[in-house]
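A short worksheet on the structure shown next.
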Number of protein chains: 2
Amino acid sequence: MAREGRFAKGTARRESILATATEVLARDGYRGTSLRSIARALELEPAHILYYFDSREDLLQNVIARWDEDQLIQGWEPDPALTLDLYIGAIRRNLEIPGLIHLYLIFAAEAAQSDHPSHDFFRERFEKVRRMLATAVEYEQNAGRIDPAIDPDRTARLLIAVADGVQLQALMNPAIDAADDLAATITQLRSRVDHAVS
Amino acid sequence: MAREGRFAKGTARRESILATATEVLARDGYRGTSLRSIARALELEPAHILYYFDSREDLLQNVIARWDEDQLIQGWEPDPALTLDLYIGAIRRNLEIPGLIHLYLIFAAEAAQSDHPSHDFFRERFEKVRRMLATAVEYEQNAGRIDPAIDPDRTARLLIAVADGVQLQALMNPAIDAADDLAATITQLRSRVDHAVS
């Protein structure tokens, strides 16, 4: 029992570190977010954070994983009838925290190198999102909402690319609404069925 | 005359540094490319490179600008009838040099912060590519190849996003062919006109 209690306390402390890291990212942006600034907000020593996370990379990777879980992406098996619209909503919420988009894009680009400690995390994340979106596209094809001639896997890759790519452009130019651009892409995808079915 | 001669020599030396930096990126990847490794390939001292470029960022930014000029993007005003296909070709050539894609994506993501020394470079580059692609989309609309109801600016942003985003996925998983995915997007864009015109 005592051991379980300690484990629960450790889990709660990890959660509070991740929540605070997300707040610091939202407030100070990516470059303002360091182990030191997160520790200061928690009134901890930086070294104490490394008791709960193996490294800065491990902490940041878990910030992204936690954000994913808080989004659509809860359990990674949303209702396929709703997934595409939930994905738009998730991107819209990202735009409220540019520091988080910034973290995600820099970190994903760095992790593309196969010896990066977060390489497997990102590779699996891309796979998961692709599968989730491909399942949604197939569902909407069966429901007559999307042209059945479209390749679900490629479409899923393209939707992720649009989301990532337009978020990068929105960081450069805040006049760009990445969620609107993604929504327009999905509307166009659905509009094609009118012709296909006729 | 002597001054012009020195200037020409300086330009030639800058060019040879940029060409060598691109070769080192192709051979050793992004993480293997440092001022030191570029200097070694040129049989120069690293400090000597900084005589021609203000900083590592300035050098890397110029590597990207030079690569752009070598691509479609020569003069930034290609024949609008060919632009979309040239864009696919440019992405296909990028895929031969993953280190360059890696450099571009990390550097663009970092430069999203408005105080980054390369922020204006990337912001203007996104604008230039967007204008070039939007002009091509308008041209193909007038030529009856693309549905005239489509918004050229948004389509241009989406094509850039697809290119950037699928290149990121291709770095994670080399089985993904980013140029094929971009080509499929452009084929779909053009196929819509059959319905729109009828």
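Just remember, in the structure tokens the first chain shown is A, the second B, etc., residues are 1-based per chain, and ligands are 1-based in the order shown.
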With chain A as the partner and 6 Å as the cut-off, tabulate the residues of chain B that qualify, each row holding the nearest pair of atoms and their distance in Å to one decimal, using only C-alpha atoms, sorted by chain and rising number, as a Markdown table.
```
| residue | atom | partner | partner_atom | distance |
| --- | --- | --- | --- | --- |
| B:Leu105 | CA | A:Ala109 | CA | 5.9 |
| B:Ile106 | CA | A:Ala109 | CA | 5.3 |
| B:Ala109 | CA | A:Ile106 | CA | 5.3 |
| B:Ala112 | CA | A:Met172 | CA | 5.1 |
| B:Arg123 | CA | A:Met172 | CA | 5.8 |
| B:Ala161 | CA | A:Gly165 | CA | 3.7 |
| B:Val162 | CA | A:Ala161 | CA | 4.9 |
| B:Asp164 | CA | A:Gly165 | CA | 5.7 |
| B:Gly165 | CA | A:Ala161 | CA | 3.7 |
| B:Val166 | CA | A:Ala161 | CA | 5.3 |
| B:Leu171 | CA | A:Ala112 | CA | 5.5 |
| B:Met172 | CA | A:Ala112 | CA | 5.1 |
```
Print the selection's residues with C-alpha atoms to a file, as an mmCIF file, in the first residue's frame.
```
data_model
loop_
_atom_site.group_PDB
_atom_site.id
_atom_site.type_symbol
_atom_site.label_atom_id
_atom_site.label_comp_id
_atom_site.auth_asym_id
_atom_site.auth_seq_id
_atom_site.Cartn_x
_atom_site.Cartn_y
_atom_site.Cartn_z
ATOM 1 C CA LEU B 105 12.689 22.117 -41.669
ATOM 2 C CA ILE B 106 14.655 22.625 -38.438
ATOM 3 C CA ALA B 109 10.785 25.933 -37.421
ATOM 4 C CA ALA B 112 9.362 31.039 -36.729
ATOM 5 C CA ARG B 123 8.832 34.780 -43.980
ATOM 6 C CA ALA B 161 2.120 22.804 -46.549
ATOM 7 C CA VAL B 162 1.757 19.447 -48.304
ATOM 8 C CA ASP B 164 6.813 20.662 -46.219
ATOM 9 C CA GLY B 165 4.660 18.269 -44.208
ATOM 10 C CA VAL B 166 5.134 15.185 -46.385
ATOM 11 C CA LEU B 171 12.393 11.880 -43.185
ATOM 12 C CA MET B 172 10.719 9.786 -40.462
#
```
Report summary line: Following least-squares superposition on chain B, chain A shows a C-alpha RMSD, over all atoms in order, of 0.0 Å
Tell me which protein, DNA and RNA residues are within 12 Å of Arg93 in chain B, counting only C-alpha atoms, leaving out same-chain ones fewer than 4 positions away, and put them as a PDB file with N, CA, C and O atoms, in the first residue's frame.
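What ended up in part37.pdb:
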```pdb
ATOM      1  N   ALA B  26      24.787  16.689 -47.989  1.00  0.00           N
ATOM      2  CA  ALA B  26      24.339  15.492 -48.718  1.00  0.00           C
ATOM      3  C   ALA B  26      25.060  14.254 -48.195  1.00  0.00           C
ATOM      4  O   ALA B  26      24.469  13.183 -48.065  1.00  0.00           O
ATOM      5  N   TRP B  67      20.131  26.788 -53.139  1.00  0.00           N
ATOM      6  CA  TRP B  67      19.408  25.600 -53.594  1.00  0.00           C
ATOM      7  C   TRP B  67      18.110  26.018 -54.289  1.00  0.00           C
ATOM      8  O   TRP B  67      17.766  25.504 -55.357  1.00  0.00           O
ATOM      9  N   ASP B  68      17.407  26.973 -53.699  1.00  0.00           N
ATOM     10  CA  ASP B  68      16.194  27.497 -54.337  1.00  0.00           C
ATOM     11  C   ASP B  68      16.495  27.986 -55.743  1.00  0.00           C
ATOM     12  O   ASP B  68      15.756  27.705 -56.683  1.00  0.00           O
ATOM     13  N   ASP B  70      18.840  27.178 -57.696  1.00  0.00           N
ATOM     14  CA  ASP B  70      19.191  26.081 -58.606  1.00  0.00           C
ATOM     15  C   ASP B  70      17.966  25.286 -59.046  1.00  0.00           C
ATOM     16  O   ASP B  70      18.039  24.515 -59.992  1.00  0.00           O
ATOM     17  N   GLN B  71      16.877  25.430 -58.302  1.00  0.00           N
ATOM     18  CA  GLN B  71      15.657  24.686 -58.609  1.00  0.00           C
ATOM     19  C   GLN B  71      14.778  25.522 -59.526  1.00  0.00           C
ATOM     20  O   GLN B  71      15.220  26.486 -60.106  1.00  0.00           O
ATOM     21  N   LEU B  72      13.541  25.134 -59.581  1.00  0.00           N
ATOM     22  CA  LEU B  72      12.537  25.829 -60.383  1.00  0.00           C
ATOM     23  C   LEU B  72      12.681  27.309 -60.372  1.00  0.00           C
ATOM     24  O   LEU B  72      12.421  27.997 -61.340  1.00  0.00           O
ATOM     25  N   LEU B  86       7.137  21.819 -62.093  1.00  0.00           N
ATOM     26  CA  LEU B  86       8.498  22.103 -61.624  1.00  0.00           C
ATOM     27  C   LEU B  86       8.598  21.966 -60.107  1.00  0.00           C
ATOM     28  O   LEU B  86       9.618  21.527 -59.570  1.00  0.00           O
ATOM     29  N   TYR B  87       7.525  22.337 -59.419  1.00  0.00           N
ATOM     30  CA  TYR B  87       7.513  22.244 -57.952  1.00  0.00           C
ATOM     31  C   TYR B  87       7.622  20.779 -57.516  1.00  0.00           C
ATOM     32  O   TYR B  87       8.375  20.449 -56.601  1.00  0.00           O
ATOM     33  N   ILE B  88       6.893  19.910 -58.204  1.00  0.00           N
ATOM     34  CA  ILE B  88       7.007  18.470 -57.909  1.00  0.00           C
ATOM     35  C   ILE B  88       8.453  18.007 -58.149  1.00  0.00           C
ATOM     36  O   ILE B  88       9.031  17.294 -57.328  1.00  0.00           O
ATOM     37  N   GLY B  89       9.046  18.454 -59.269  1.00  0.00           N
ATOM     38  CA  GLY B  89      10.431  18.076 -59.575  1.00  0.00           C
ATOM     39  C   GLY B  89      11.404  18.573 -58.516  1.00  0.00           C
ATOM     40  O   GLY B  89      12.361  17.862 -58.157  1.00  0.00           O
ATOM     41  N   ILE B  97      18.575  14.575 -51.103  1.00  0.00           N
ATOM     42  CA  ILE B  97      19.469  15.150 -50.096  1.00  0.00           C
ATOM     43  C   ILE B  97      18.699  15.351 -48.789  1.00  0.00           C
ATOM     44  O   ILE B  97      18.313  16.474 -48.442  1.00  0.00           O
ATOM     45  N   PRO B  98      18.459  14.239 -48.059  1.00  0.00           N
ATOM     46  CA  PRO B  98      17.685  14.372 -46.815  1.00  0.00           C
ATOM     47  C   PRO B  98      18.287  15.412 -45.864  1.00  0.00           C
ATOM     48  O   PRO B  98      17.546  16.107 -45.161  1.00  0.00           O
ATOM     49  N   LEU B 100      19.478  18.196 -46.487  1.00  0.00           N
ATOM     50  CA  LEU B 100      19.018  19.528 -46.864  1.00  0.00           C
ATOM     51  C   LEU B 100      17.567  19.766 -46.417  1.00  0.00           C
ATOM     52  O   LEU B 100      17.225  20.844 -45.929  1.00  0.00           O
ATOM     53  N   ILE B 101      16.725  18.740 -46.564  1.00  0.00           N
ATOM     54  CA  ILE B 101      15.341  18.855 -46.073  1.00  0.00           C
ATOM     55  C   ILE B 101      15.370  19.072 -44.565  1.00  0.00           C
ATOM     56  O   ILE B 101      14.650  19.908 -44.009  1.00  0.00           O
ATOM     57  N   GLN B 167       7.427  16.007 -46.647  1.00  0.00           N
ATOM     58  CA  GLN B 167       8.887  15.824 -46.544  1.00  0.00           C
ATOM     59  C   GLN B 167       9.283  15.475 -45.106  1.00  0.00           C
ATOM     60  O   GLN B 167      10.178  14.650 -44.886  1.00  0.00           O
ATOM     61  N   ASP B 177       6.954   8.470 -50.300  1.00  0.00           N
ATOM     62  CA  ASP B 177       7.487   9.251 -51.414  1.00  0.00           C
ATOM     63  C   ASP B 177       6.772  10.608 -51.450  1.00  0.00           C
ATOM     64  O   ASP B 177       5.646  10.727 -51.936  1.00  0.00           O
ATOM     65  N   ALA B 178       7.440  11.616 -50.896  1.00  0.00           N
ATOM     66  CA  ALA B 178       6.815  12.939 -50.744  1.00  0.00           C
ATOM     67  C   ALA B 178       6.465  13.545 -52.093  1.00  0.00           C
ATOM     68  O   ALA B 178       5.443  14.226 -52.228  1.00  0.00           O
ATOM     69  N   ALA B 179       7.313  13.310 -53.114  1.00  0.00           N
ATOM     70  CA  ALA B 179       7.043  13.900 -54.428  1.00  0.00           C
ATOM     71  C   ALA B 179       5.799  13.263 -55.050  1.00  0.00           C
ATOM     72  O   ALA B 179       4.979  13.951 -55.661  1.00  0.00           O
TER      73      ALA B 179
END
```
Query raised in the report: Excluding same-chain residues fewer than 6 positions from range 11-17 of chain A, what lies within 8 Å of it counting only C-alpha atoms, as a PyMOL selection string?
Result: chain A and resi 38+42+49+52
**Report entry** Atomic distance CA of Ser191 in chain A - CA of Ala81 in chain B, expressed in Å with one decimal
**Finding:** 26.4 Å
Query raised in the report: Separation of CA of Met132 in chain B and CA of Leu95 in chain B, in Å?
Result: 21.4 Å
**Report entry** Pairwise distance for CA of Leu44 in chain B and CA of Thr20 in chain B, rounded to one decimal in Å
**Finding:**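 Separation of CA of Leu44 in chain B and CA of Thr20 in chain B: 11.7 Å.
Counting only C-alpha atoms, the residue from A:Arg125, A:Lys9, A:Arg40, A:Arg92 that sits nearest to Ile64 in chain A is A:Arg125.
Shortest separation to Arg27 in chain A among A:Phe121, A:Thr83, A:His116, A:Glu96 occurs at residue A:Glu96, atoms counted being only C-alpha atoms.
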Requested in this report: For Pro80 in chain B, work out the shell of residues within 8 Å, counting only C-alpha atoms and skipping chain neighbours fewer than 3 positions away, then give it as a PyMOL selection string.
Outcome: chain B and resi 77+83-84+132+135-136+139-140
For all heavy atoms, I'd like the residues from the last selection saved as a tab-separated table (two decimals), in the first residue's frame.
```tsv
chain	number	residue	atom	x	y	z
B	77	GLU	N	10.51	33.42	-61.24
B	77	GLU	CA	9.39	33.70	-62.13
B	77	GLU	C	9.36	32.67	-63.25
B	77	GLU	O	9.53	32.98	-64.42
B	77	GLU	CB	9.49	35.11	-62.72
B	77	GLU	CG	9.16	36.17	-61.69
B	77	GLU	CD	9.11	37.56	-62.28
B	77	GLU	OE1	9.16	37.70	-63.52
B	77	GLU	OE2	9.04	38.50	-61.50
B	83	THR	N	4.93	25.74	-63.65
B	83	THR	CA	5.34	25.89	-62.25
B	83	THR	C	4.96	24.68	-61.37
B	83	THR	O	5.79	24.18	-60.62
B	83	THR	CB	4.72	27.16	-61.64
B	83	THR	OG1	5.18	28.29	-62.41
B	83	THR	CG2	5.14	27.34	-60.20
B	84	LEU	N	3.71	24.24	-61.47
B	84	LEU	CA	3.28	23.18	-60.54
B	84	LEU	C	4.09	21.90	-60.78
B	84	LEU	O	4.48	21.22	-59.83
B	84	LEU	CB	1.77	22.90	-60.69
B	84	LEU	CG	0.85	24.07	-60.29
B	84	LEU	CD1	-0.61	23.63	-60.34
B	84	LEU	CD2	1.18	24.61	-58.91
B	132	MET	N	4.27	32.61	-56.27
B	132	MET	CA	4.62	31.86	-57.47
B	132	MET	C	3.59	30.76	-57.74
B	132	MET	O	3.12	30.59	-58.88
B	132	MET	CB	6.01	31.25	-57.26
B	132	MET	CG	6.60	30.54	-58.45
B	132	MET	SD	8.19	29.79	-57.97
B	132	MET	CE	7.63	28.44	-56.90
B	135	THR	N	0.11	32.25	-58.69
B	135	THR	CA	0.11	32.68	-60.10
B	135	THR	C	-0.09	31.48	-61.02
B	135	THR	O	-0.84	31.55	-62.00
B	135	THR	CB	1.46	33.38	-60.42
B	135	THR	OG1	1.60	34.51	-59.55
B	135	THR	CG2	1.51	33.85	-61.86
B	136	ALA	N	0.56	30.37	-60.69
B	136	ALA	CA	0.42	29.16	-61.50
B	136	ALA	C	-1.01	28.62	-61.44
B	136	ALA	O	-1.58	28.19	-62.45
B	136	ALA	CB	1.41	28.10	-61.03
B	139	TYR	N	-3.18	30.79	-63.54
B	139	TYR	CA	-2.92	30.51	-64.95
B	139	TYR	C	-3.68	29.25	-65.39
B	139	TYR	O	-4.34	29.23	-66.42
B	139	TYR	CB	-1.41	30.34	-65.19
B	139	TYR	CG	-1.10	29.98	-66.62
B	139	TYR	CD1	-0.83	30.97	-67.56
B	139	TYR	CD2	-1.11	28.65	-67.03
B	139	TYR	CE1	-0.57	30.64	-68.89
B	139	TYR	CE2	-0.86	28.31	-68.34
B	139	TYR	CZ	-0.58	29.30	-69.27
B	139	TYR	OH	-0.35	28.98	-70.57
B	140	GLU	N	-3.58	28.19	-64.56
B	140	GLU	CA	-4.24	26.93	-64.94
B	140	GLU	C	-5.76	27.05	-64.85
B	140	GLU	O	-6.49	26.36	-65.58
B	140	GLU	CB	-3.70	25.77	-64.08
B	140	GLU	CG	-2.20	25.53	-64.32
B	140	GLU	CD	-1.75	24.09	-64.06
B	140	GLU	OE1	-2.60	23.17	-63.99
B	140	GLU	OE2	-0.53	23.88	-63.92
```
**Report entry** Selection near range 56-58 of chain A, 8 Å with only C-alpha atoms, sequence-local residues under 2 positions removed, as an MDAnalysis selection string
**Finding:** chainID A and resid 35 50 53:54 60:62 117:118
Query raised in the report: Which parts of chain B does DSSP call helix (DSSP H, G or I) when run on the backbone here, written out as a ChimeraX atom specification?
Result: /B:2-28,35-42,46-52,56-70,74-76,83-94,98-111,119-142,152-172,178-197
